[in-house]
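J.: Input file: my_file-v1.txt. Contents: compact mmCIF, C-alpha atoms.
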```txt
# COMPACT_ATOMS: atom_id res chain seq x y z
CA MET A 1 32.66 123.17 230.53
CA LEU A 2 33.45 126.52 228.83
CA ARG A 3 34.50 124.70 225.65
CA SER A 4 31.42 122.48 225.46
CA PRO A 5 28.85 123.07 222.67
CA ALA A 6 26.05 123.32 225.23
CA TRP A 7 27.84 126.07 227.14
CA ALA A 8 28.65 127.97 223.94
CA ASP A 9 24.98 127.85 222.90
CA PHE A 10 23.91 128.95 226.38
CA TRP A 11 26.27 131.92 226.37
CA ALA A 12 25.08 132.98 222.92
CA VAL A 13 21.56 133.11 224.39
CA VAL A 14 22.87 135.16 227.34
CA ARG A 15 24.36 137.62 224.87
CA ILE A 16 21.09 138.00 222.96
CA LEU A 17 19.01 138.40 226.12
CA THR A 18 21.45 141.00 227.46
CA ALA A 19 21.27 142.91 224.17
CA VAL A 20 17.46 142.89 224.32
CA ALA A 21 17.55 144.13 227.93
CA GLY A 22 19.93 146.91 226.93
CA VAL A 23 17.77 148.08 224.04
CA ALA A 24 14.67 147.99 226.25
CA ALA A 25 16.46 150.05 228.92
CA ILE A 26 17.62 152.66 226.41
CA ILE A 27 14.17 152.98 224.85
CA ALA A 28 12.46 153.21 228.24
CA GLN A 29 14.74 156.03 229.36
CA LEU A 30 14.44 157.83 226.01
CA VAL A 31 10.64 157.68 226.11
CA ARG A 32 10.65 159.06 229.68
CA THR A 33 13.11 161.81 228.75
CA VAL A 34 11.16 162.90 225.68
CA SER A 35 7.88 162.79 227.58
CA ASN A 36 9.31 165.01 230.32
CA ALA A 37 10.71 167.42 227.73
CA GLU A 38 7.36 167.72 225.95
CA ALA A 39 5.54 168.31 229.25
CA ALA A 40 8.03 171.05 230.18
CA GLY A 41 7.91 172.68 226.74
CA GLN A 42 11.60 171.97 226.08
CA PRO A 43 13.03 171.60 222.55
CA VAL A 44 12.67 167.87 221.93
CA GLY A 45 15.31 167.76 219.19
CA THR A 46 17.98 169.16 221.49
CA VAL A 47 16.87 166.88 224.32
CA VAL A 48 17.18 163.79 222.09
CA VAL A 49 20.64 164.80 220.85
CA ASN A 50 21.70 165.44 224.45
CA PHE A 51 20.37 162.02 225.45
CA LEU A 52 22.35 160.34 222.68
CA SER A 53 25.46 162.28 223.72
CA PHE A 54 25.84 160.43 227.01
CA PHE A 55 28.78 158.01 227.04
CA THR A 56 26.52 155.59 228.89
CA ILE A 57 23.94 155.57 226.11
CA GLN A 58 26.48 155.28 223.32
CA SER A 59 28.40 152.48 225.03
CA ASN A 60 25.17 150.59 225.81
CA VAL A 61 24.07 150.87 222.17
CA ALA A 62 27.49 149.56 221.14
CA ALA A 63 27.20 146.74 223.68
CA ALA A 64 23.77 145.67 222.42
CA VAL A 65 24.97 145.65 218.81
CA THR A 66 28.19 143.81 219.67
CA LEU A 67 26.51 141.15 221.79
CA THR A 68 23.95 140.53 219.05
CA ILE A 69 26.70 140.20 216.44
CA GLY A 70 28.58 137.80 218.72
CA ALA A 71 25.57 135.53 219.14
CA LEU A 72 24.78 135.57 215.42
CA LEU A 73 28.40 134.88 214.49
CA PHE A 74 28.43 131.85 216.74
CA TRP A 75 25.15 130.47 215.43
CA THR A 76 26.09 131.04 211.78
CA GLN A 77 29.78 130.12 211.76
CA GLY A 78 31.07 129.69 215.30
CA ARG A 79 30.68 125.94 215.40
CA ARG A 80 32.96 125.64 212.38
CA THR A 81 35.81 127.95 213.47
CA GLY A 82 38.32 127.89 216.28
CA VAL A 83 38.27 131.53 217.42
CA GLU A 84 36.24 134.67 216.91
CA PRO A 85 37.13 136.90 213.92
CA ARG A 86 39.85 139.44 214.61
CA TRP A 87 37.62 142.44 213.83
CA PHE A 88 35.00 141.18 216.24
CA ALA A 89 37.57 140.47 218.95
CA ILE A 90 38.73 144.11 218.72
CA LEU A 91 35.15 145.39 218.79
CA LEU A 92 34.33 143.21 221.78
CA VAL A 93 37.37 144.19 223.83
CA CYS A 94 36.59 147.87 223.16
CA VAL A 95 32.95 147.55 224.21
CA THR A 96 33.89 145.47 227.26
CA THR A 97 36.29 148.19 228.38
CA TYR A 98 33.74 150.96 227.85
CA MET A 99 31.00 149.15 229.74
CA VAL A 100 33.24 148.23 232.68
CA ILE A 101 34.40 151.87 232.89
CA THR A 102 30.77 153.01 232.65
CA GLY A 103 29.88 150.82 235.61
CA ILE A 104 32.86 151.96 237.67
CA VAL A 105 32.44 155.69 236.97
CA TYR A 106 28.70 155.66 237.56
CA ASN A 107 28.82 153.71 240.79
CA LEU A 108 31.79 155.67 242.18
CA LEU A 109 31.01 159.21 240.97
CA LEU A 110 27.44 159.53 239.74
CA ARG A 111 25.13 157.26 241.71
CA GLY A 112 22.53 159.37 243.44
CA ILE A 113 23.24 162.46 241.32
CA GLN A 114 20.38 163.66 239.11
CA LEU A 115 21.80 163.82 235.59
CA PRO A 116 20.49 166.33 233.03
CA GLN A 117 18.42 163.86 231.00
CA GLY A 118 15.52 164.35 233.36
CA GLU A 119 13.86 161.85 235.65
CA THR A 120 15.56 158.47 235.38
CA VAL A 121 13.79 155.13 234.99
CA ALA A 122 15.13 153.17 237.95
CA TRP A 123 15.26 149.69 236.39
CA SER A 124 16.66 151.09 233.14
CA ASN A 125 19.37 152.90 235.07
CA GLU A 126 20.42 149.69 236.83
CA VAL A 127 20.44 147.67 233.61
CA MET A 128 22.67 150.16 231.80
CA HIS A 129 25.04 150.89 234.69
CA VAL A 130 25.18 147.58 236.55
CA VAL A 131 23.71 144.58 234.73
CA ILE A 132 25.28 145.05 231.30
CA PRO A 133 28.74 146.00 232.66
CA ILE A 134 28.67 142.84 234.79
CA VAL A 135 27.60 140.66 231.85
CA LEU A 136 30.37 142.11 229.66
CA LEU A 137 32.88 141.45 232.42
CA LEU A 138 31.66 137.86 232.73
CA ASP A 139 31.73 137.54 228.95
CA LEU A 140 35.45 138.27 229.07
CA PHE A 141 36.01 135.14 231.16
CA LEU A 142 33.17 132.86 230.07
CA ALA A 143 32.46 133.44 226.38
CA HIS A 144 33.39 130.81 223.81
CA ARG A 145 36.31 131.20 221.34
CA ARG A 146 38.26 134.14 222.73
CA ARG A 147 41.02 135.35 220.39
CA ALA A 148 44.39 136.62 221.61
CA LEU A 149 44.93 140.23 220.55
CA PRO A 150 48.28 142.05 220.37
CA TRP A 151 49.02 144.58 223.11
CA ARG A 152 48.72 147.44 220.62
CA ALA A 153 44.96 146.80 220.62
CA VAL A 154 44.91 148.85 223.85
CA TRP A 155 45.59 151.99 221.80
CA ILE A 156 42.64 151.18 219.56
CA ILE A 157 40.45 151.03 222.66
CA VAL A 158 41.28 154.61 223.67
CA ILE A 159 40.38 156.18 220.29
CA TYR A 160 36.62 156.41 220.83
CA PRO A 161 36.76 157.87 224.38
CA ILE A 162 39.19 160.57 223.16
CA VAL A 163 36.86 161.48 220.28
CA TRP A 164 33.87 161.50 222.66
CA VAL A 165 35.60 163.83 225.16
CA ILE A 166 36.60 166.24 222.38
CA TYR A 167 33.03 166.20 221.02
CA THR A 168 31.59 166.80 224.50
CA LEU A 169 33.89 169.68 225.41
CA VAL A 170 33.48 171.38 222.02
CA ARG A 171 29.68 170.97 221.96
CA GLY A 172 29.10 171.84 225.62
CA PRO A 173 29.38 175.64 225.43
CA LEU A 174 27.45 175.72 222.15
CA VAL A 175 24.24 174.21 223.56
CA THR A 176 21.71 175.93 225.78
CA SER A 177 20.58 173.60 228.55
CA PRO A 178 16.90 172.70 227.93
CA GLY A 179 16.30 172.18 231.64
CA ASN A 180 17.47 175.45 233.17
CA GLY A 181 18.40 177.73 230.28
CA GLU A 182 22.09 177.88 231.15
CA PRO A 183 24.24 178.72 228.09
CA TYR A 184 26.01 175.36 228.17
CA TRP A 185 25.21 171.68 228.53
CA TYR A 186 27.45 168.81 229.63
CA PRO A 187 26.29 165.22 230.18
CA TYR A 188 28.25 164.73 233.42
CA PRO A 189 29.10 167.20 236.21
CA PHE A 190 32.81 166.31 236.19
CA LEU A 191 33.06 167.46 232.55
CA ASN A 192 31.35 170.79 233.21
CA PRO A 193 34.02 173.50 233.73
CA ASN A 194 31.30 175.72 235.25
CA ASN A 195 30.67 173.23 238.06
CA PRO A 196 31.60 175.01 241.32
CA ALA A 197 32.32 171.66 242.98
CA LEU A 198 35.29 170.97 240.70
CA GLN A 199 38.68 171.09 242.38
CA PRO A 200 40.69 172.66 240.91
CA PRO A 201 37.99 174.80 239.31
CA GLY A 202 37.27 175.17 235.60
CA TYR A 203 38.95 173.22 232.84
CA ALA A 204 41.84 172.26 235.13
CA GLY A 205 39.38 170.25 237.23
CA VAL A 206 37.87 168.73 234.11
CA ALA A 207 41.37 167.78 232.95
CA VAL A 208 42.06 165.95 236.23
CA TYR A 209 38.96 163.79 235.81
CA VAL A 210 39.67 163.19 232.12
CA VAL A 211 43.23 162.05 232.84
CA VAL A 212 42.17 159.79 235.71
CA ILE A 213 39.42 158.17 233.63
CA ALA A 214 41.79 157.87 230.64
CA VAL A 215 44.26 155.99 232.83
CA GLY A 216 41.40 153.80 234.01
CA ILE A 217 40.43 153.03 230.42
CA ILE A 218 44.02 152.09 229.54
CA VAL A 219 44.31 149.85 232.62
CA VAL A 220 40.95 148.14 232.09
CA GLY A 221 41.65 147.78 228.35
CA ALA A 222 45.05 146.24 229.04
CA LEU A 223 43.50 143.83 231.53
CA ALA A 224 40.82 142.86 228.99
CA VAL A 225 43.49 142.19 226.37
CA ALA A 226 45.54 140.25 228.92
CA VAL A 227 42.58 138.02 229.84
CA GLY A 228 41.93 137.30 226.17
CA ARG A 229 45.57 136.37 225.62
CA TRP A 230 45.58 134.19 228.73
CA ARG A 231 42.40 132.38 227.70
CA ALA A 232 43.72 131.79 224.18
CA SER A 233 46.95 130.43 225.64
CA GLN A 234 45.01 128.12 227.96
CA ALA A 235 42.95 126.87 225.02
CA ARG A 236 46.07 126.15 222.98
CA GLY A 237 47.62 124.29 225.91
CA SER A 238 44.48 122.22 226.37
CA GLU A 239 44.40 121.34 222.67
CA ALA A 240 48.10 120.37 222.76
CA ASP A 241 47.53 118.11 225.76
CA HIS A 242 44.54 116.51 224.05
CA THR A 243 46.58 115.90 220.87
CA ALA A 244 49.46 114.41 222.85
CA GLN A 245 47.11 111.93 224.47
```
In structure tokens, how does this file's structure come out?

T.:
Amino acid sequence: MLRSPAWADFWAVVRILTAVAGVAAIIAQLVRTVSNAEAAGQPVGTVVVNFLSFFTIQSNVAAAVTLTIGALLFWTQGRRTGVEPRWFAILLVCVTTYMVITGIVYNLLLRGIQLPQGETVAWSNEVMHVVIPIVLLLDLFLAHRRRALPWRAVWIIVIYPIVWVIYTLVRGPLVTSPGNGEPYWYPYPFLNPNNPALQPPGYAGVAVYVVVIAVGIIVVGALAVAVGRWRASQARGSEADHTAQ
């Protein structure tokens, strides 16, 4: 079924609809955040940059773009080629890893905690932290034309999270929090060295969370690469059996 033209067309539609839902969720939360900032007399420019600094927002933007590209690639050239382009396969495995990690971290560590972007839009929150991670996970197993990537692709996956953590920790103490006037701003409590709940306290506590999440990213990324390699191997075996018959 997964190799049938009808299924491939259906999954391309799923990708587009998921991308649209993701964009709608991001816009809805941004509008709410900006509206709250204006009502409270907060600096809107800083609030918007803070909003865009969340890993969740950045990974959801990347997911929407990637899913749209995947659908368009299939409709424009997918029916004529055997597997997805290598550059897209790398992009997709990266985004899949980031979204799965986003879902895991949010639902294990952050659900129920009020984050510093202001009042959350409930449906938007669920789309970005539950729906899209689940769709990307399903995409790993159900999407048409998966390409086998080399194991070294795992190290490509970790580049963006490392850059994001460095950016977050460098920017944090340079920004005054619009909400409470504290002389720092961090998107998540586990990255805030001033958080009294951290154990051990300070940057040592931050380092523990960063290392644990980094290991999670490597594990999830390796599993995503492994599934792609397994699916490509299964496809080759199926083609060989068909040729032999």

J.: For Leu92 of chain A, please output as a JSON list (two decimals) with C-alpha atoms, keeping the file's coordinate frame all residues within 12 Å (counting all atoms listed in the file; exclusion window: fewer than 4 positions along the same chain).

T.:
```json
[["chain", "number", "residue", "atom", "x", "y", "z"],
["A", 15, "ARG", "CA", 24.36, 137.62, 224.87],
["A", 59, "SER", "CA", 28.40, 152.48, 225.03],
["A", 62, "ALA", "CA", 27.49, 149.56, 221.14],
["A", 63, "ALA", "CA", 27.20, 146.74, 223.68],
["A", 64, "ALA", "CA", 23.77, 145.67, 222.42],
["A", 65, "VAL", "CA", 24.97, 145.65, 218.81],
["A", 66, "THR", "CA", 28.19, 143.81, 219.67],
["A", 67, "LEU", "CA", 26.51, 141.15, 221.79],
["A", 68, "THR", "CA", 23.95, 140.53, 219.05],
["A", 69, "ILE", "CA", 26.70, 140.20, 216.44],
["A", 70, "GLY", "CA", 28.58, 137.80, 218.72],
["A", 71, "ALA", "CA", 25.57, 135.53, 219.14],
["A", 84, "GLU", "CA", 36.24, 134.67, 216.91],
["A", 85, "PRO", "CA", 37.13, 136.90, 213.92],
["A", 86, "ARG", "CA", 39.85, 139.44, 214.61],
["A", 87, "TRP", "CA", 37.62, 142.44, 213.83],
["A", 88, "PHE", "CA", 35.00, 141.18, 216.24],
["A", 96, "THR", "CA", 33.89, 145.47, 227.26],
["A", 97, "THR", "CA", 36.29, 148.19, 228.38],
["A", 98, "TYR", "CA", 33.74, 150.96, 227.85],
["A", 99, "MET", "CA", 31.00, 149.15, 229.74],
["A", 136, "LEU", "CA", 30.37, 142.11, 229.66],
["A", 137, "LEU", "CA", 32.88, 141.45, 232.42],
["A", 139, "ASP", "CA", 31.73, 137.54, 228.95],
["A", 140, "LEU", "CA", 35.45, 138.27, 229.07],
["A", 143, "ALA", "CA", 32.46, 133.44, 226.38],
["A", 146, "ARG", "CA", 38.26, 134.14, 222.73],
["A", 147, "ARG", "CA", 41.02, 135.35, 220.39],
["A", 149, "LEU", "CA", 44.93, 140.23, 220.55],
["A", 153, "ALA", "CA", 44.96, 146.80, 220.62],
["A", 156, "ILE", "CA", 42.64, 151.18, 219.56],
["A", 157, "ILE", "CA", 40.45, 151.03, 222.66],
["A", 221, "GLY", "CA", 41.65, 147.78, 228.35],
["A", 224, "ALA", "CA", 40.82, 142.86, 228.99],
["A", 225, "VAL", "CA", 43.49, 142.19, 226.37],
["A", 228, "GLY", "CA", 41.93, 137.30, 226.17]]
```

J.: Grab the atom CA of Tyr106 of chain A to atom CA of Val130 of chain A distance for me, in Å with one decimal place.

T.: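 It comes out at 8.9 Å.
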
J.: Do a neighbour search on Ala148 of chain A at 8 Å with only C-alpha atoms, toss out local chain neighbours closer than 5 positions, and write the hits as a ChimeraX atom specification.

T.: /A:225,228-233

J.: Please produce an output containing C-alpha atoms for each residue in the selection, written as a short mmCIF file (atom, residue, chain, number, x, y, z; two decimals), in the frame of the given file.

T.:
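That gives us out34.cif:
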```cif
data_model
loop_
_atom_site.label_atom_id
_atom_site.label_comp_id
_atom_site.auth_asym_id
_atom_site.auth_seq_id
_atom_site.Cartn_x
_atom_site.Cartn_y
_atom_site.Cartn_z
CA VAL A 225 43.49 142.19 226.37
CA GLY A 228 41.93 137.30 226.17
CA ARG A 229 45.57 136.37 225.62
CA TRP A 230 45.58 134.19 228.73
CA ARG A 231 42.40 132.38 227.70
CA ALA A 232 43.72 131.79 224.18
CA SER A 233 46.95 130.43 225.64
#
```

J.: Identify, on the basis of only C-alpha atoms, every residue whose closest approach to Val211 of chain A does not exceed 12 Å; exclude the query and any residue fewer than 5 positions from it along the same chain; express the result as a list in words.

T.: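 These residues fall inside the cut-off: Val158, Pro161, Ile162, Val165, Phe190, Leu191, Tyr203, Ala204, Gly205, Val206, Gly216, Ile217 and Ile218 of chain A.
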
J.: For each of A:Gln234, A:Trp75, A:Leu110, A:Pro189, take the minimum atom-to-atom distance to Trp11 of chain A, counting all atoms listed in the file, then give the residue where this is smallest.

T.: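 Checking each of A:Gln234, A:Trp75, A:Leu110, A:Pro189 against Trp11 of chain A, counting all atoms listed in the file, the winner is A:Trp75.
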
J.: One number please: atom CA of Tyr186 of chain A to atom CA of Met128 of chain A, in Å, one decimal.

T.: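 Result for atom CA of Tyr186 of chain A versus atom CA of Met128 of chain A: 19.4 Å, one decimal.
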
J.: Suppose you want the space between atom CA of Ile90 of chain A and atom CA of Pro133 of chain A; what is it in Å?

T.: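 We find that atom CA of Ile90 of chain A and atom CA of Pro133 of chain A lie 17.3 Å from each other.
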
J.: What's around Gly172 of chain A at 9 Å? Count only C-alpha atoms, leave out sequence neighbours fewer than 6 positions away in its own chain, and write the answer as a list in words.

T.: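 Here the answer would be Pro183, Tyr184, Trp185, Tyr186, Pro187 and Asn192 of chain A.
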
J.: I'd like the contact shell of Val44 of chain A - 12 Å cut-off, only C-alpha atoms, skipping same-chain residues fewer than 3 positions apart - returned as a list in words.

T.: Leu30, Val31, Arg32, Thr33, Val34, Ser35, Asn36, Ala37, Glu38, Ala39, Ala40, Gly41, Val47, Val48, Val49, Asn50, Phe51, Gln117, Ser177, Pro178 and Gly179 of chain A
